[in-house]
Each structure stands twice: as C-alpha cells, then as structure tokens.
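Asks: Got coords_7.cif for you, mmCIF, C-alpha atoms:
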data_coords
#
loop_
_atom_site.label_atom_id
_atom_site.label_comp_id
_atom_site.auth_asym_id
_atom_site.auth_seq_id
_atom_site.Cartn_x
_atom_site.Cartn_y
_atom_site.Cartn_z
CA MET H 1 21.62 21.73 -41.33
CA LYS H 2 19.51 23.89 -39.04
CA GLN H 3 21.02 24.17 -35.57
CA VAL H 4 19.95 26.15 -32.53
CA PRO H 5 22.11 29.12 -31.47
CA ALA H 6 24.21 29.16 -28.29
CA GLU H 7 21.55 31.37 -26.71
CA TYR H 8 19.14 28.41 -26.78
CA TYR H 9 21.41 26.35 -24.52
CA HIS H 10 22.05 29.30 -22.24
CA LEU H 11 18.41 30.20 -21.70
CA MET H 12 17.41 26.56 -21.44
CA GLU H 13 19.94 26.03 -18.67
CA GLN H 14 18.63 29.07 -16.80
CA LEU H 15 15.16 27.55 -16.97
CA GLN H 16 16.43 24.10 -15.97
CA ALA H 17 18.16 25.59 -12.90
CA VAL H 18 15.09 27.50 -11.69
CA ASP H 19 12.78 24.58 -12.43
CA PHE H 20 15.10 22.28 -10.54
CA VAL H 21 14.84 24.47 -7.43
CA LEU H 22 11.05 24.28 -7.83
CA VAL H 23 11.15 20.46 -8.07
CA GLU H 24 13.32 20.24 -4.95
CA LEU H 25 11.12 22.64 -2.99
CA THR H 26 7.98 20.81 -4.16
CA LEU H 27 9.20 17.46 -2.82
CA TYR H 28 10.41 19.15 0.39
CA LEU H 29 7.07 20.90 0.93
CA ASP H 30 5.20 17.64 0.30
CA THR H 31 6.65 16.46 3.63
CA HIS H 32 7.08 19.92 5.30
CA ASN H 33 3.81 21.70 4.54
CA ASP H 34 4.25 24.19 7.41
CA ASP H 35 7.62 25.69 6.38
CA LEU H 36 6.62 29.28 5.58
CA GLU H 37 10.13 30.35 4.56
CA ALA H 38 10.33 27.52 2.02
CA ILE H 39 6.89 28.53 0.68
CA HIS H 40 8.09 32.13 0.24
CA GLN H 41 11.15 30.84 -1.60
CA PHE H 42 8.93 28.61 -3.75
CA ASN H 43 6.66 31.50 -4.74
CA HIS H 44 9.69 33.66 -5.53
CA TYR H 45 10.97 31.06 -8.00
CA VAL H 46 7.48 30.65 -9.53
CA GLN H 47 7.78 34.32 -10.56
CA GLU H 48 11.31 33.77 -11.81
CA ARG H 49 10.25 30.77 -13.93
CA LYS H 50 7.42 32.80 -15.51
CA ARG H 51 9.93 35.46 -16.57
CA ILE H 52 12.42 32.98 -18.10
CA LYS H 53 9.66 30.92 -19.77
CA LYS H 54 8.32 34.05 -21.46
CA GLN H 55 11.77 35.03 -22.70
CA PHE H 56 12.57 31.51 -23.94
CA GLU H 57 9.26 31.09 -25.73
CA SER H 58 9.55 34.48 -27.47
CA GLN H 59 12.79 33.29 -29.05
CA PHE H 60 12.39 29.54 -29.45
CA GLY H 61 8.68 28.76 -29.48
CA PRO H 62 6.28 27.06 -27.07
CA LEU H 63 7.59 24.91 -24.21
CA GLN H 64 4.21 23.34 -23.45
CA GLN H 65 1.04 22.83 -25.39
CA PHE H 66 -2.60 21.90 -24.91
CA GLY H 67 -3.01 25.63 -24.32
CA ASN H 68 -0.30 26.16 -21.73
CA SER H 69 1.69 28.26 -24.23
CA TYR H 70 0.63 30.64 -27.01
CA SER H 71 1.17 29.54 -30.60
CA GLY H 72 2.91 31.38 -33.44
CA HIS H 73 1.82 31.18 -37.07
CA PRO H 74 2.24 28.66 -38.57
CA TRP H 75 1.68 26.26 -35.67
CA ASN H 76 5.16 25.96 -34.12
CA TRP H 77 4.73 23.42 -31.32
CA ASP H 78 6.07 20.61 -33.48
CA ASP H 79 9.11 22.50 -34.74
CA THR H 80 12.46 20.83 -34.12
CA PRO H 81 14.52 20.41 -32.10
CA TRP H 82 12.96 18.13 -29.51
CA PRO H 83 14.78 17.90 -26.18
CA TRP H 84 16.66 14.69 -26.95
CA GLN H 85 17.89 16.05 -30.29
CA VAL H 86 19.80 19.14 -29.12
CA MET P 1 -3.63 14.79 -16.57
CA TRP P 2 -0.01 15.33 -17.51
CA ILE P 3 1.46 18.18 -19.55
CA TYR P 4 4.60 17.60 -21.58
CA GLU P 5 7.33 20.22 -21.47
CA LYS P 6 9.77 20.50 -24.37
CA LYS P 7 12.78 20.48 -22.07
CA LEU P 8 15.00 17.92 -20.33
CA GLN P 9 15.22 18.14 -16.55
CA TYR P 10 19.02 18.23 -16.87
CA PRO P 11 21.21 19.13 -19.88
CA VAL P 12 22.27 15.65 -21.03
CA ARG P 13 25.57 15.31 -22.92
CA VAL P 14 27.56 12.30 -24.10
CA SER P 15 31.14 12.62 -25.37
CA SER P 16 31.45 9.70 -27.82
CA CYS P 17 29.50 7.34 -30.06
CA ASN P 18 29.54 4.34 -27.73
CA PRO P 19 26.73 1.78 -28.13
CA MET P 20 28.33 -0.43 -25.44
CA LEU P 21 27.34 2.15 -22.80
CA ALA P 22 23.82 2.23 -24.23
CA LYS P 23 23.62 -1.51 -23.62
CA PHE P 24 24.33 -0.99 -19.90
CA LEU P 25 22.14 2.10 -19.60
CA ILE P 26 19.04 0.38 -20.94
CA GLU P 27 18.88 -1.27 -17.48
CA GLN P 28 17.54 2.05 -16.14
CA TYR P 29 15.06 2.27 -19.01
CA GLY P 30 13.30 -1.11 -18.91
CA GLY P 31 14.87 -2.87 -15.91
CA ALA P 32 13.32 -3.87 -12.58
CA ASP P 33 14.68 -0.82 -10.73
CA GLY P 34 14.62 1.48 -13.74
CA GLU P 35 12.88 4.78 -14.21
CA LEU P 36 9.80 3.35 -15.95
CA ALA P 37 9.18 0.84 -13.15
CA ALA P 38 9.65 3.63 -10.59
CA ALA P 39 7.23 6.04 -12.26
CA LEU P 40 4.54 3.39 -12.68
CA ARG P 41 5.04 2.03 -9.15
CA TYR P 42 4.58 5.38 -7.39
CA LEU P 43 1.73 6.64 -9.52
CA ASN P 44 -0.10 3.34 -9.08
CA GLN P 45 0.30 3.31 -5.30
CA ARG P 46 -1.40 6.70 -4.98
CA TYR P 47 -4.89 5.18 -5.04
CA THR P 48 -4.44 3.15 -1.86
CA ILE P 49 -2.30 5.36 0.38
CA PRO P 50 -3.33 7.98 3.00
CA ASP P 51 -4.05 11.44 1.56
CA LYS P 52 -1.05 12.98 3.37
CA VAL P 53 1.47 11.29 1.03
CA ILE P 54 -0.44 11.22 -2.28
CA GLY P 55 1.14 14.53 -3.32
CA LEU P 56 4.63 13.16 -2.74
CA LEU P 57 3.96 9.97 -4.73
CA THR P 58 2.48 12.05 -7.56
CA ASP P 59 5.45 14.40 -7.70
CA ILE P 60 8.20 11.79 -7.44
CA GLY P 61 6.36 9.60 -9.97
CA THR P 62 6.21 12.55 -12.33
CA GLU P 63 9.90 13.35 -11.86
CA GLU P 64 10.71 9.72 -12.73
CA PHE P 65 9.22 10.29 -16.20
CA ALA P 66 11.65 13.18 -16.62
CA HIS P 67 14.46 10.77 -15.70
CA LEU P 68 13.14 8.20 -18.18
CA GLU P 69 13.43 10.85 -20.88
CA MET P 70 17.02 11.61 -19.81
CA ILE P 71 17.96 7.91 -20.06
CA ALA P 72 16.27 7.67 -23.46
CA THR P 73 18.23 10.74 -24.58
CA MET P 74 21.51 9.17 -23.47
CA VAL P 75 20.73 5.89 -25.28
CA TYR P 76 19.61 7.80 -28.37
CA LYS P 77 22.80 9.87 -28.50
CA LEU P 78 25.12 6.91 -27.80
CA THR P 79 23.67 4.87 -30.68
CA LYS P 80 22.28 7.47 -33.12
CA ASP P 81 24.95 7.25 -35.84
CA ALA P 82 26.52 3.91 -34.89
CA THR P 83 27.09 1.51 -37.80
CA PRO P 84 25.80 -2.09 -37.72
CA GLU P 85 29.45 -3.10 -37.18
CA GLN P 86 29.69 -0.86 -34.12
CA MET P 87 26.40 -2.23 -32.80
CA LYS P 88 27.72 -5.75 -33.26
CA ALA P 89 31.04 -4.95 -31.56
CA ALA P 90 29.07 -3.57 -28.60
CA GLY P 91 27.12 -6.82 -28.22
CA LEU P 92 23.99 -5.16 -29.59
CA ASP P 93 23.74 -7.35 -32.71
CA GLY P 94 20.72 -9.16 -31.22
CA HIS P 95 19.07 -5.85 -30.45
CA TYR P 96 19.88 -4.50 -33.89
CA ALA P 97 18.45 -7.58 -35.63
CA ASP P 98 15.15 -7.18 -33.80
CA HIS P 99 14.83 -3.40 -33.32
CA ASP P 100 17.46 -1.55 -35.39
CA LYS P 101 18.10 1.61 -33.27
CA ALA P 102 14.67 1.63 -31.69
CA LEU P 103 14.62 1.86 -27.92
CA PHE P 104 12.93 -1.09 -26.27
CA TYR P 105 11.77 -1.55 -22.68
CA HIS P 106 14.12 -4.30 -21.59
CA ASN P 107 17.01 -4.60 -19.16
CA ALA P 108 20.77 -4.78 -19.85
CA ALA P 109 20.49 -8.55 -20.34
CA GLY P 110 17.63 -8.17 -22.87
CA VAL P 111 14.81 -9.35 -20.57
CA PRO P 112 11.62 -7.49 -21.55
CA PHE P 113 9.89 -5.18 -19.06
CA THR P 114 7.20 -6.85 -16.97
CA ALA P 115 4.40 -5.61 -14.69
CA THR P 116 5.83 -7.79 -11.90
CA TYR P 117 8.44 -5.02 -11.38
CA ILE P 118 5.67 -2.71 -10.16
CA GLN P 119 5.14 -3.79 -6.59
CA ALA P 120 1.86 -2.81 -4.90
CA LYS P 121 0.78 -4.42 -1.64
CA GLY P 122 -1.86 -1.90 -0.57
CA ASP P 123 -0.39 -1.57 2.94
CA PRO P 124 0.99 1.99 3.21
CA ILE P 125 4.10 1.19 5.26
CA THR P 126 4.88 -1.88 3.14
CA ASP P 127 4.57 0.12 -0.06
CA LEU P 128 6.72 3.01 1.21
CA TYR P 129 9.42 0.57 2.36
CA GLU P 130 9.26 -0.95 -1.13
CA ASP P 131 9.76 2.55 -2.54
CA ILE P 132 12.75 3.29 -0.29
CA ALA P 133 14.31 -0.03 -1.35
CA ALA P 134 13.62 0.79 -5.02
CA GLU P 135 15.41 4.14 -4.69
CA GLU P 136 18.43 2.53 -3.03
CA LYS P 137 18.54 -0.18 -5.74
CA ALA P 138 18.40 2.46 -8.46
CA ARG P 139 21.16 4.42 -6.68
CA ALA P 140 23.36 1.30 -6.62
CA THR P 141 22.62 0.60 -10.30
CA TYR P 142 23.80 4.11 -11.19
CA GLN P 143 27.01 3.46 -9.25
CA TRP P 144 27.72 0.29 -11.23
CA ILE P 145 26.97 1.97 -14.55
CA ILE P 146 29.22 4.95 -13.68
CA ASN P 147 31.96 2.42 -12.74
CA LEU P 148 31.62 0.79 -16.19
CA SER P 149 31.66 4.10 -18.07
CA ASP P 150 34.67 6.10 -19.22
CA ASP P 151 32.51 8.88 -20.69
CA PRO P 152 32.82 11.97 -18.44
CA ASP P 153 29.82 13.77 -19.93
CA LEU P 154 27.59 10.73 -19.56
CA ASN P 155 28.79 10.24 -15.97
CA ASP P 156 27.91 13.85 -15.21
CA GLY P 157 24.27 13.14 -16.10
CA LEU P 158 24.30 9.80 -14.29
CA ARG P 159 25.65 11.47 -11.14
CA PHE P 160 22.70 13.86 -11.23
CA LEU P 161 20.31 10.90 -11.51
CA ARG P 162 22.02 9.04 -8.65
CA GLU P 163 21.73 12.11 -6.42
CA ARG P 164 17.99 12.27 -7.20
CA GLU P 165 17.61 8.70 -5.89
CA ILE P 166 19.11 9.89 -2.59
CA ILE P 167 16.61 12.74 -2.32
CA HIS P 168 13.66 10.52 -3.25
CA SER P 169 14.72 7.96 -0.65
CA GLN P 170 14.92 10.79 1.92
CA ARG P 171 11.39 11.96 1.11
CA PHE P 172 9.93 8.44 1.27
CA ARG P 173 11.62 7.98 4.66
CA GLU P 174 9.94 11.21 5.78
CA ALA P 175 6.60 9.94 4.44
CA VAL P 176 6.97 6.87 6.67
CA GLU P 177 7.56 9.16 9.67
CA ILE P 178 4.45 11.18 8.79
CA LEU P 179 2.30 8.03 8.65
CA LYS P 180 3.82 6.74 11.92
CA GLU P 181 2.86 9.89 13.83
CA GLU P 182 0.15 9.73 16.44
CA GLN P 183 -2.94 11.31 14.97
CA GLY P 184 -3.42 15.00 15.70
CA LYS P 185 0.13 15.96 16.65
CA LYS P 186 3.17 16.90 14.64
CA THR P 187 6.70 15.91 15.55
CA ILE P 188 9.84 17.31 13.99
CA PHE P 189 12.87 15.05 14.30
CA MET G 1 36.18 11.05 10.63
CA HIS G 2 32.78 10.75 8.99
CA THR G 3 32.81 9.25 5.49
CA HIS G 4 30.14 8.19 3.02
CA LEU G 5 32.15 5.17 1.98
CA LYS G 6 32.71 2.24 4.33
CA THR G 7 35.20 -0.59 3.88
CA TYR G 8 35.52 -4.25 4.81
CA HIS G 9 38.10 -6.96 4.23
CA PRO G 10 36.80 -10.25 2.84
CA TYR G 11 38.45 -13.57 3.70
CA VAL G 12 41.17 -14.47 1.19
CA SER G 13 41.66 -18.15 0.35
CA PRO G 14 44.85 -19.43 -1.30
CA PHE G 15 42.48 -21.17 -3.75
CA ASP G 16 40.68 -17.99 -4.94
CA PRO G 17 41.37 -17.86 -8.70
CA CYS G 18 41.13 -14.07 -9.24
CA LYS G 19 43.63 -11.62 -7.73
CA PRO G 20 42.08 -10.83 -4.35
CA MET G 21 40.50 -7.45 -3.74
CA VAL G 22 41.65 -7.17 -0.15
CA GLU G 23 39.50 -4.15 0.61
CA LYS G 24 35.90 -3.73 -0.54
CA THR G 25 33.84 -0.58 -0.19
CA TYR G 26 30.16 0.34 -0.03
CA SER G 27 28.24 3.58 -0.09
CA THR G 28 26.46 5.04 2.94
CA PRO G 29 25.05 8.35 1.63
CA PRO G 30 24.21 11.28 3.94
CA HIS G 31 20.43 10.76 3.93
CA LEU G 32 20.97 7.63 6.05
CA TYR G 33 22.08 9.90 8.92
CA ILE G 34 19.87 12.99 8.65
CA GLY G 35 16.44 11.73 9.69
CA PHE G 36 13.47 14.03 9.06
CA GLN G 37 15.01 17.03 7.29
CA PRO G 38 15.24 20.03 9.64
CA PRO G 39 14.20 23.46 8.25
CA ASN G 40 16.69 26.04 6.94
CA LEU G 41 19.49 23.71 5.87
CA PRO G 42 22.19 25.52 3.81
CA GLN G 43 21.39 25.56 0.09
CA PHE G 44 23.26 25.62 -3.20
CA SER G 45 22.59 28.39 -5.73
CA PRO G 46 20.06 27.34 -8.41
CA MET G 47 22.80 26.59 -10.98
CA GLU G 48 24.90 24.66 -8.44
CA ALA G 49 21.79 22.77 -7.35
CA LEU G 50 21.09 21.70 -10.93
CA ARG G 51 24.71 20.59 -11.38
CA THR G 52 24.85 18.61 -8.12
CA GLY G 53 21.34 17.17 -8.26
CA THR G 54 20.16 18.57 -4.92
CA LEU G 55 19.24 21.96 -3.47
CA TRP G 56 20.67 21.10 -0.04
CA LYS G 57 24.41 20.80 0.56
CA ALA G 58 23.92 18.21 3.32
CA PHE G 59 22.60 15.62 0.84
CA TYR G 60 25.33 16.04 -1.77
CA ASP G 61 27.31 12.82 -2.24
CA PRO G 62 28.74 12.46 -5.77
CA TRP G 63 29.89 9.11 -7.16
CA TYR G 64 32.84 8.91 -9.60
CA SER G 65 34.00 6.18 -11.97
CA PRO G 66 37.51 4.72 -11.52
CA TYR G 67 38.16 6.07 -15.06
CA GLU G 68 37.51 9.66 -14.05
CA LYS G 69 40.59 11.75 -13.31
CA GLY G 70 41.46 12.38 -9.69
CA ASN G 71 39.02 9.75 -8.46
CA LYS G 72 39.12 6.07 -7.76
CA GLY G 73 35.41 5.54 -7.39
CA VAL G 74 35.70 7.43 -4.12
CA PRO G 75 33.10 10.14 -3.62
CA SER G 76 34.86 13.29 -2.41
#
Could I get this file's structure written as structure tokens?
Replies:
Amino acid sequence: MKQVPAEYYHLMEQLQAVDFVLVELTLYLDTHNDDLEAIHQFNHYVQERKRIKKQFESQFGPLQQFGNSYSGHPWNWDDTPWPWQV
Amino acid sequence: MWIYEKKLQYPVRVSSCNPMLAKFLIEQYGGADGELAAALRYLNQRYTIPDKVIGLLTDIGTEEFAHLEMIATMVYKLTKDATPEQMKAAGLDGHYADHDKALFYHNAAGVPFTATYIQAKGDPITDLYEDIAAEEKARATYQWIINLSDDPDLNDGLRFLREREIIHSQRFREAVEILKEEQGKKTIF
Amino acid sequence: MHTHLKTYHPYVSPFDPCKPMVEKTYSTPPHLYIGFQPPNLPQFSPMEALRTGTLWKAFYDPWYSPYEKGNKGVPS
C-alpha cells in the first residue's frame, strides 16, 4: 500500500491556506476594485503561492496540467493520489 | 476555459464509515440548493448581466465547483468501504441497487437533479436576489446537516462550507449595491 | 447584547402530540448587519482563515451540531 508521507499533508495545507486568502481577496476585489492595500496584499500572496507550488510540485508532482505545470518522466500527472483519495 | 488543480480547497476529513451521513450530504451534491446547481446558476447568468459583476459570478461559480468536489469527497469517504448491509441499514439500499457506490446527482430524498433548479430570469436585480436567496438556502441546509451529524471531522468541513455561503451572500449583496448606483459615481456604505 | 441567534416562543396547544419545544431559534449571521464591506477590516492569519472559512473576523459565525461537545447548536 503506497501512502503519501506526512510532508504531503503539511505542504498541501500551506498551499490551501495561501490559496484561500487569494480566493477571499479575489471575491473582495471583484466588488472593491479600488482598494490598493488589498491589491498589494493580493500580489504578495501570488508570490507566496508560486513559492509553495514550486516546492510542492518538486516533491509530489504536478498540481495542474494542460501545460500549467512541468512534467516528470514518465508522465506523472495521473499518478495517485487524487485529492479525494488522500 | 477551466484548469483543474489536484488539490481540495479545504482538507476534508471524516471520522467514521457512516453511509447514513452520505445520504443526507447528497442534498448538497444534486439538490436544488446544492453546489452543482449553484455553480451552473452563476456561470449561466454571466451572459446576461452587466459587465461590472461578471467577474464576481465567474469567481463564485468557480469556487462552487471546488465545493462540489469537497462534498463528493465526503460522500466517497463515508461510503467507500461500507458493506451492502451497512448501505441497507443507512437507507441506501435503493441507491445501492441502482448505483452501487457511484455518486449520483440527486437530492437526499432520491429526486434526480433537474435544470429547473438553475434559475435565470435575465433581469440583473432579479437574478442577484435569486443568488442571495440560494446562498441563504444553502447556508440553512448546512445547518440542518450539521445538526444531524455526530461526526466532528465532517462537521469541521461543513462549517467551512457554511461560512463560504455567508461570504458569497455578502458579495452578491454588494453586487446589487453596485448595480443600484447612479451611473458615474461611486458610493461606499 | 448582539447575538447571531434569535429566539421565539411558538404557541403551545394542550393537543400538540410531541413534547413542545418552547423556544425555537434561527440564525442571523453577521453579513446581514455589515452592508457594503468597509476597507481594512481585521483579518485572520492565512491558516486561521482557512480553518474558519473567511479572511475577515467580522464575518465569522460558526455553526455547531447539538452532538458536538460544549455546544448545543449555538454558534459561539
């Protein structure tokens, strides 16, 4: 039985937290397009997400496909686990 | 287009094999005020609403698909290794006979999903009021499911989803205010 | 005191078959009172925000099951 290490859950949660802030700020900015401070905060977390995504993908493979992530060899997009399986 | 990300919006956990809870939860999967109906409703309304709120409808509609995946994950985990006897004891014998463990877009009473859940009137204020009502109905549904559930891990995920309904309702209320504004000036309340 | 749970007391008939629930409650979450969100509202940290389901403290209104310890369906 192949199972993911504890580090998978840890890094995933870091990404989920940062991405959640980005979702919240996105919806907020959709109705507050003039809030410069919120836009600065948004851009800060865009950087942060890039960093965590890179780290996660180097250990656990691509998060997105259709060219939004690099592939390993062999093709590792369809490797388990899928999100609902972990 | 849409890009899939191999990640849940929130780390979903359930603490026990409990197909009875899956039976209730399926309401938010294929029910009238469920996540599928919400996603399809908002994305569909985008084509006939003023440009100022298309972004909001797109983003909330997209987030609803993330919620649909969370509900599916909960149902999957609650039923994954349940025996036919357990399915029967949970009142899912009818479901099992027709679908085995497959998820199906129906509500908690087994009524299949229908396009009539996806309201679209084409009048911007009417449609946004529909959306606010839909968020409040989904919020209430989460309350009733949490009340029926004794699974603390499941309730943790459901509480997250209920809180999202509050935020979505807030943003739709703000969208109404934006469309109500006199053209060419901006009011902050 | 401001609460996000309101109560009412339905009429009780001597002919009601179930044991009467003398007090009923309903939810009135914070977004009903805030209006158009003002800028710079206090925020949760990213991890807290994920756990609570909102970035802004003012909108946080958790709902608990009667089965959950320390709660009787009353949001704290």
Asks: Check what the PyMOL selection byres ((chain P) within 10 of (chain H)) selects in the file above and give those residues as a short mmCIF file (atom, residue, chain, number, x, y, z; two decimals) with C-alpha atoms, in the frame of the given file.
Replies:
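Dumped to out26.cif:
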data_model
loop_
_atom_site.label_atom_id
_atom_site.label_comp_id
_atom_site.auth_asym_id
_atom_site.auth_seq_id
_atom_site.Cartn_x
_atom_site.Cartn_y
_atom_site.Cartn_z
CA ILE P 3 1.46 18.18 -19.55
CA TYR P 4 4.60 17.60 -21.58
CA GLU P 5 7.33 20.22 -21.47
CA LYS P 6 9.77 20.50 -24.37
CA LYS P 7 12.78 20.48 -22.07
CA LEU P 8 15.00 17.92 -20.33
CA GLN P 9 15.22 18.14 -16.55
CA TYR P 10 19.02 18.23 -16.87
CA PRO P 11 21.21 19.13 -19.88
CA VAL P 12 22.27 15.65 -21.03
CA ARG P 13 25.57 15.31 -22.92
CA LYS P 52 -1.05 12.98 3.37
CA VAL P 53 1.47 11.29 1.03
CA ILE P 54 -0.44 11.22 -2.28
CA GLY P 55 1.14 14.53 -3.32
CA LEU P 56 4.63 13.16 -2.74
CA LEU P 57 3.96 9.97 -4.73
CA THR P 58 2.48 12.05 -7.56
CA ASP P 59 5.45 14.40 -7.70
CA ILE P 60 8.20 11.79 -7.44
CA GLU P 63 9.90 13.35 -11.86
CA GLU P 69 13.43 10.85 -20.88
CA MET P 70 17.02 11.61 -19.81
CA ILE P 71 17.96 7.91 -20.06
CA ALA P 72 16.27 7.67 -23.46
CA THR P 73 18.23 10.74 -24.58
CA MET P 74 21.51 9.17 -23.47
CA VAL P 75 20.73 5.89 -25.28
CA TYR P 76 19.61 7.80 -28.37
CA LYS P 77 22.80 9.87 -28.50
CA ARG P 164 17.99 12.27 -7.20
CA ILE P 167 16.61 12.74 -2.32
CA HIS P 168 13.66 10.52 -3.25
CA GLN P 170 14.92 10.79 1.92
CA ARG P 171 11.39 11.96 1.11
CA PHE P 172 9.93 8.44 1.27
CA ARG P 173 11.62 7.98 4.66
CA GLU P 174 9.94 11.21 5.78
CA ALA P 175 6.60 9.94 4.44
CA GLU P 177 7.56 9.16 9.67
CA ILE P 178 4.45 11.18 8.79
CA ILE P 188 9.84 17.31 13.99
#
Asks: Using the chain letters and numbers from this file, what does the PyMOL selection byres ((chain G) within 10 of (chain P)) select? Give the answer as JSON, numbers by chain.
Replies: {"G": [26, 27, 29, 30, 31, 32, 34, 35, 36, 37, 38, 39, 49, 50, 51, 52, 53, 54, 55, 56, 59, 60, 61, 62, 63, 64, 65, 66, 67, 68, 69, 72, 73]}
Asks: Could you write those residues out with C-alpha atoms, as a PDB file, keeping the file's coordinate frame?
Replies:
ATOM      1  CA  TYR G  26      30.160   0.340  -0.030  1.00  0.00           C
ATOM      2  CA  SER G  27      28.240   3.580  -0.090  1.00  0.00           C
ATOM      3  CA  PRO G  29      25.050   8.350   1.630  1.00  0.00           C
ATOM      4  CA  PRO G  30      24.210  11.280   3.940  1.00  0.00           C
ATOM      5  CA  HIS G  31      20.430  10.760   3.930  1.00  0.00           C
ATOM      6  CA  LEU G  32      20.970   7.630   6.050  1.00  0.00           C
ATOM      7  CA  ILE G  34      19.870  12.990   8.650  1.00  0.00           C
ATOM      8  CA  GLY G  35      16.440  11.730   9.690  1.00  0.00           C
ATOM      9  CA  PHE G  36      13.470  14.030   9.060  1.00  0.00           C
ATOM     10  CA  GLN G  37      15.010  17.030   7.290  1.00  0.00           C
ATOM     11  CA  PRO G  38      15.240  20.030   9.640  1.00  0.00           C
ATOM     12  CA  PRO G  39      14.200  23.460   8.250  1.00  0.00           C
ATOM     13  CA  ALA G  49      21.790  22.770  -7.350  1.00  0.00           C
ATOM     14  CA  LEU G  50      21.090  21.700 -10.930  1.00  0.00           C
ATOM     15  CA  ARG G  51      24.710  20.590 -11.380  1.00  0.00           C
ATOM     16  CA  THR G  52      24.850  18.610  -8.120  1.00  0.00           C
ATOM     17  CA  GLY G  53      21.340  17.170  -8.260  1.00  0.00           C
ATOM     18  CA  THR G  54      20.160  18.570  -4.920  1.00  0.00           C
ATOM     19  CA  LEU G  55      19.240  21.960  -3.470  1.00  0.00           C
ATOM     20  CA  TRP G  56      20.670  21.100  -0.040  1.00  0.00           C
ATOM     21  CA  PHE G  59      22.600  15.620   0.840  1.00  0.00           C
ATOM     22  CA  TYR G  60      25.330  16.040  -1.770  1.00  0.00           C
ATOM     23  CA  ASP G  61      27.310  12.820  -2.240  1.00  0.00           C
ATOM     24  CA  PRO G  62      28.740  12.460  -5.770  1.00  0.00           C
ATOM     25  CA  TRP G  63      29.890   9.110  -7.160  1.00  0.00           C
ATOM     26  CA  TYR G  64      32.840   8.910  -9.600  1.00  0.00           C
ATOM     27  CA  SER G  65      34.000   6.180 -11.970  1.00  0.00           C
ATOM     28  CA  PRO G  66      37.510   4.720 -11.520  1.00  0.00           C
ATOM     29  CA  TYR G  67      38.160   6.070 -15.060  1.00  0.00           C
ATOM     30  CA  GLU G  68      37.510   9.660 -14.050  1.00  0.00           C
ATOM     31  CA  LYS G  69      40.590  11.750 -13.310  1.00  0.00           C
ATOM     32  CA  LYS G  72      39.120   6.070  -7.760  1.00  0.00           C
ATOM     33  CA  GLY G  73      35.410   5.540  -7.390  1.00  0.00           C
TER      34      GLY G  73
END
Asks: What's the 12 Å shell around segment 94-103 of chain P, counting all atoms listed in the file, without same-chain residues fewer than 3 positions away, as a PyMOL selection string?
Replies: chain P and resi 19-20+22-23+25-27+29-30+68-69+71-91+106-112
Asks: Write out as a list in words which residues come within 8 Å of Val18 of chain H when counting only C-alpha atoms, dropping same-chain ones fewer than 2 positions away.
Replies: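 Answer for this query is Gln14, Leu15, Gln16, Phe20, Val21, Leu22, Tyr45, Glu48 and Arg49 of chain H; Pro46 and Met47 of chain G.
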Asks: By how many Å are atom CA of Ser45 of chain G and atom CA of Lys50 of chain H apart?
Replies: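 Separating atom CA of Ser45 of chain G from atom CA of Lys50 of chain H is a distance of 18.6 Å.
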Asks: I'd like the neighbourhood of His2 of chain G as a list in words, where a residue qualifies if any of its atoms comes within 12 Å (using only C-alpha atoms), though same-chain residues fewer than 3 positions away should be ignored.
Replies: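 My list of contacting residues is Leu5, Lys6, Thr28, Pro29, Pro30, Tyr33 and Ser76 of chain G.
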Asks: Do a neighbour search on Thr116 of chain P at 12 Å with only C-alpha atoms, toss out local chain neighbours closer than 5 positions, and write the hits as a list of chain:residue names.
Replies: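 Near Thr116 of chain P, the qualifying residues are P:Gly31, P:Ala32, P:Asp33, P:Ala37, P:Leu40, P:Arg41, P:Lys121.
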Asks: Starting from the shown file, work through the PyMOL selection byres ((chain P and resi 14) around 6) and note down what comes out as a list in words.
Replies: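 On the file shown, the PyMOL selection byres ((chain P and resi 14) around 6) covers Arg13, Ser15, Ser16, Asp153 and Leu154 of chain P.
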Asks: Have a look at atom CA of Ala38 of chain P and atom CA of Phe65 of chain P and let me know their distance in Å, one decimal.
Replies: 8.7 Å
Asks: Please report the interatomic distance between atom CA of Gln59 of chain H and atom CA of His67 of chain P in Å with one decimal.
Replies: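 One can read the atom CA of Gln59 of chain H to atom CA of His67 of chain P distance as 26.2 Å.
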Asks: I need the residue nearest chain G from this list: H:Phe60, H:Ala38, H:Asn76, H:Ser71. Use all atoms listed in the file for the distance.
Replies: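 That would be H:Ala38, the residue with the smallest distance to chain G.
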Asks: Kindly indicate which residue among H:Leu25, H:Ala6, H:Met1, H:Ile39 lies nearest to chain G, using all atoms listed in the file for the distances.
Replies: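 Of the candidates, the smallest distance to chain G is held by H:Leu25.
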Asks: Nearest to chain H among G:Ala58, G:Phe15, G:His9, G:Asn40, with distances taken over only C-alpha atoms: which residue is it?
Replies: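 With only C-alpha atoms as the atom set, the closest residue is G:Asn40.
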Asks: Ranking H:His73, H:Lys2, H:Lys53, H:His10 by minimum distance to chain G and counting only C-alpha atoms, which one comes first?
Replies: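 Closest candidate: H:His10.
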